[in-house]
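Q: Dumping the structure here so I can ask a few things about it.
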Amino acid sequence: MSLSINDVFKVAQLARLEMTEQAAQTAHVQLLNIFGLIAEMQAVDTSGIEPMSHAQDITQRLREDVITEHNQREIFQAAAPHIKKGLYLVPQVIE
Amino acid sequence: MFKSSLLQLGAALRSKKISSVELTQLYLDRIAEHNSKLNAYITVNEEMSLMQARAADVQLAQSTTHALTGIPIAQKDIFCAKDWRTTCGSKMLSNFIAPYDAHVIEQFNRVGAINLGKTNMDEFAMGSSNETSYFGTVKNPWNLDAVPGGSSGGSAAAVSASLCAAATGTDTGGSIRQPAALCGISGMKPTYGVVSRYGMIAFASSLDQAGPMAHSAEDLALLLNVMAGFDERDSTSLQRETEDYTRDLNKPLIGLRIGLPKEFFAEGLSNDVAQAIEASISEYKKLGASVVDISLPSSRLSIPVYYVLAPAEASSNLSRYDGVRYGYRAPEYTNLADMYQKSRAQGFGEEVKRRIMIGAYVLSHGYYDAYYLQAQKIRRLIAQDFVEAFKQCDVIMGPTTPTTAFNLGEKKDTPVQMYLSDIYTIAVNLAGLPGMSIPAGFGGNGLPIGLQIIGNYFDEARMLNVAHQYQQVTDWHTRTPQYLKV
C-alpha cells in the first residue's frame with residue numbers, strides 16, 4: 001500500500017471534497033491505517049470465486065410500461081437552495 | 001405505563017383506560033424531561049404527533065383497529081416522513097423537510113401508529129457510537145459517560161429510557177444490533193429485502209436493512225408485522241407471502257440446535273461478555289436446546305471486506321449531495337466545481353468524508369480489481385460459510401459485541417478501533433441474513449450485554465420464538481436504568 005499525500009488530494013478531487021493541507025495530512029494517516037486493515041484481504045486466494053454483488057440471487061423485476069410518476073416539481077423544489085421560475089440556479093457554466 | 005408491552009398498551013387503548021392523545025402526551029412529557037440529558041431525539045413535533053393521536057382515537061372508537069393503533073413509535077431520522085424535518089444526522093440535510101413518506105413510515109401510518117419524533121443517529125448511519133452525529137452525541141441511559149452504540153443510538157437510548165413505546169432502526173453493519181446490545185434492549189435486522197428501503201436515506205444499498213427496536217421479542221414481532229412487505233418502489237424488495245411473525249412465539253425449544261462459531265469466542269472477547277453468553281447458552285440447554293460447535297472461517301475477513309464495499313457504495317450514493325436540488329449549499333463559491341467542493345466539504349462530517357474517500361479510491365482506475373472485486377469474491381466465501389453452518393444447526397448464537405459500551409471519546413479519533421467494535425455483526429449483513437440482539441446480562445461495570453441470534457434466510461419467526469422463550473425464563477429485558485425509574 002503506497003497511498004501518497006498526492007493520492008489523497010486526487011481522491012478528494014474525484015469525490016468533489018475541498019481539502020486543506022492540514023486536513024489532507026490527517027486523512028492521509030487515517031487512510032493508511034484503514035488500508036492497513038483492508039490489506040489482510042489481499043492474501044486470500046479467490047481464484048474461481050464468483051463475485052457476490054447482492055445478498056439475494058434474484059433478477060430485476062420488470063414493470064408495466066405505464067406512467068407512475070406525476071409532476072410534483074413545486075413540492076420537490078421547495079427543498080432546493082436556489083430556484084427561479086421552476087429552474088435550479090447554479091453558477092454560470094457556459095460563457 | 002412506560003413498562004408495558006405493546007400488547008398491554010394496545011389493550012389499554014382499546015379498553016379506554018387511556019386515550020392515544022393521553023399516552024402520546026405522557027411520552028412527550030417524558031421526552032421533555034429527559035432528552036436534554038440523553039439527546040436521543042433530533043426532532044420532536046408535539047403538534048404533529050398529537051394530530052396523529054387524535055386521528056388514532058377516532059379509529060380506536062371504531063371496532064376494527066390494528067394492534068399498534070394509537071401507540072407512539074420513535075422513527076430513526078434516516079426515514080423520510082412527510083412534512084417532518086429529516087436530517088440523517090447530517091448538517092447536509094439539517095434543514096431538509098421530507099416531501100414524502102418512506103415505505104416504513106407509510107406502513108406505520110396505515111395502522112394508525114403515532115410518529116413520536118425522529119431519533120438521533122450517526123451521520124448517514126456511518127458510525128458505531130453515535131458520536132458522528134451533527135446534532136451531538138447520544139448518551140447511554142445506563143451510564144451517561146458511555147456511548148449508546150450506533151448508528152441507531154438514538155432509537156436504542158429512547159427505547160432503553162422509555163422515551164417511546166418502541167422504535168425503528170437500520171442496520172448496514174450492525175447498526176440495530178450493536179446499539180440494542182449496548183443499551184440493553186432487543187433489536188432485529190431482518191433478511192435483506194424483507195423491509196422496503198424506499199424513502200430510507202441510502203448508505204450502502206446492498207447491505208442497508210431496516211428493522212424494529214423494542215423491549216422484547218414479542219414487541220419486535222408485532223413491529224415487524226407492520227414494517228415487512230413487498231414494495232415495488234424498492235427494486236430489491238422481495239415478493240413473498242405475508243407472514244405473521246408472532247405465529248411461533250410460544251413454540252417450545254425442545255430439539256433446537258444452536259451453532260456456536262468458535263471465531264466468535266476467540267481472542268478479543270471480554271471475560272464478562274463471554275460469561276454472560278455462556279450463561280444464556282446454559283439457559284437454552286435447560287429449555288431443551290442442544291449445542292453444535294461450528295466454524296465461520298472467513299468471518300475474520302468481514303471487516304476488511306465491509307470497509308471496501310460499504311464505502312464504495314456510499315461514495316456513489318452520496319454523490320447526489322451537490323448543493324443543487326436539496327441539502328446544504330456553501331454560502332460562498334467562485335464557480336460550479338468550487339460550489340460542489342465547498343458544499344460537500346462543509347456539509348459532511350469527518351467520518352462521512354473519510355468513507356467517501358475510501359470508496360472513491362477503491363473504485364478508481366487501477367484499484368478496482370485489487371479492492372472492490374476481491375472484496376466481492378470474499379463476500380461470497382463469507383456467505384458460503386453460513387450456508388455450510390446452517391446444515392448443522394437451526395440458529396447461530398454468540399456475543400453481539402466484544403465488550404460492553406465503551407466511553408464517549410474513547411475511540412472517536414481512532415477509526416480502525418471503532419470499526420473493530422462491529423466484528424461480530426458485519427458478516428450477517430454481507431451474507432444478507434437476519435440477525436438480532438437481546439439483553440443477556442450485565443458486565444462488571446453494570447452495563448448491558450447482548451446475545452446475538454443469527455438465523456437462516458427468512459427465519460425471523462423462528463428467531464423471535466427463540467428470543468421470546470428465553471425472555472419467558474429470564475428478566476434481563478425488563479431491567480431499566482436506575483435513575484430513570486418509571
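The way I read the labels, and the way they are meant: chains A, B, ... in the order of the C-alpha cells, residue 1 as the first residue of every chain, and ligand 1 as the first ligand shown, with later ones counted on from there.
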May I ask you to extract the residues of chain B within 6 Å of chain A, using only C-alpha atoms, and to give them as JSON, numbers by chain?

A: {"B": [206, 304, 325, 326, 335, 336, 341, 342, 344, 345, 376, 377, 380, 431, 432]}

Q: May I have the selected residues written with C-alpha atoms, as a PDB file, in the first residue's frame?

A:
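Result file follows (again-v2.pdb):
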ATOM      1  CA  SER B 206     -26.661  -3.834  -0.912  1.00  0.00           C
ATOM      2  CA  PRO B 304     -11.800  -5.600   5.642  1.00  0.00           C
ATOM      3  CA  ARG B 325     -31.519  20.174  -5.723  1.00  0.00           C
ATOM      4  CA  TYR B 326     -31.699  19.927  -1.947  1.00  0.00           C
ATOM      5  CA  ASN B 335     -17.733  28.588  -9.849  1.00  0.00           C
ATOM      6  CA  LEU B 336     -19.738  25.355 -10.167  1.00  0.00           C
ATOM      7  CA  GLN B 341     -16.438  21.014  -3.355  1.00  0.00           C
ATOM      8  CA  LYS B 342     -17.202  23.619  -0.704  1.00  0.00           C
ATOM      9  CA  ARG B 344     -19.720  18.868   0.326  1.00  0.00           C
ATOM     10  CA  ALA B 345     -16.656  19.731   2.443  1.00  0.00           C
ATOM     11  CA  GLN B 376     -16.982  -9.098  -3.583  1.00  0.00           C
ATOM     12  CA  LYS B 377     -15.369 -12.523  -4.009  1.00  0.00           C
ATOM     13  CA  ARG B 380     -19.277 -14.925  -1.314  1.00  0.00           C
ATOM     14  CA  ALA B 431     -24.497 -12.584   3.746  1.00  0.00           C
ATOM     15  CA  GLY B 432     -27.900 -10.825   3.861  1.00  0.00           C
TER      16      GLY B 432
END

Q: Report as number ranges by chain all protein, DNA and RNA residues lying within 12 Å of Tyr192 in chain B, evaluated on only C-alpha atoms, omitting residues in the same chain fewer than 5 positions from it.

A: A: 54-58; B: 170-172, 197, 205-211, 228-229, 234, 236-238, 428-435, 456-460

Q: With DSSP run on the backbone, what are the strand (DSSP E) residues within chain A? I'd like them as a VMD selection string.

A: chain A and resid 83 to 84 87 to 88

Q: Just the residues within 8 Å of Gln25 in chain A, please, counting only C-alpha atoms, with nothing from its chain fewer than 4 positions along; format it as a list in words.

A: Ile5, Glu21 and Val29 of chain A

Q: What separation in Å, quoted to one decimal, exists between CA of Ala360 in chain B and CA of Gly193 in chain B?

A: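 Rounded to one decimal, the two atoms are 26.3 Å apart.
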
Q: Can you tell me which residues surround Ala427 in chain B at a distance of at most 10 Å, considering only C-alpha atoms, apart from same-chain residues fewer than 4 positions away, and format the answer as JSON, numbers by chain?

A: {"B": [173, 174, 296, 298, 299, 300, 301, 302, 303, 305, 306, 379, 382, 383, 385, 386, 422, 423, 431, 432, 433]}

Q: Hey, which of B:Val308, B:Tyr100, B:Ala274, B:Ser319 ends up closest to Tyr368 in chain B? Count only C-alpha atoms.

A: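 Nearest to Tyr368 in chain B: B:Val308.
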
Q: For Pro331 in chain B, work out the shell of residues within 10 Å, counting only C-alpha atoms and skipping chain neighbours fewer than 5 positions away, then give it as a short mmCIF file (atom, residue, chain, number, x, y, z; two decimals) with C-alpha atoms, in the first residue's frame.

A:
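Result file is selection38.cif:
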data_model
loop_
_atom_site.label_atom_id
_atom_site.label_comp_id
_atom_site.auth_asym_id
_atom_site.auth_seq_id
_atom_site.Cartn_x
_atom_site.Cartn_y
_atom_site.Cartn_z
CA MET B 339 -19.63 25.16 -5.19
CA LYS B 342 -17.20 23.62 -0.70
CA SER B 343 -20.80 22.48 -0.16
CA GLN B 346 -18.76 21.93 4.76
#

Q: Extract, using only C-alpha atoms, all DNA, RNA and protein residues at most 8 Å from Asn250 in chain B, discarding same-chain residues fewer than 4 positions from it, and format them as a PyMOL selection string.

A: chain B and resi 465+468-469

Q: Could you tell me how far CA of Glu47 in chain B lies from CA of Trp84 in chain B, in Å and to one decimal?

A: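 CA of Glu47 in chain B sits 11.4 Å away from CA of Trp84 in chain B.
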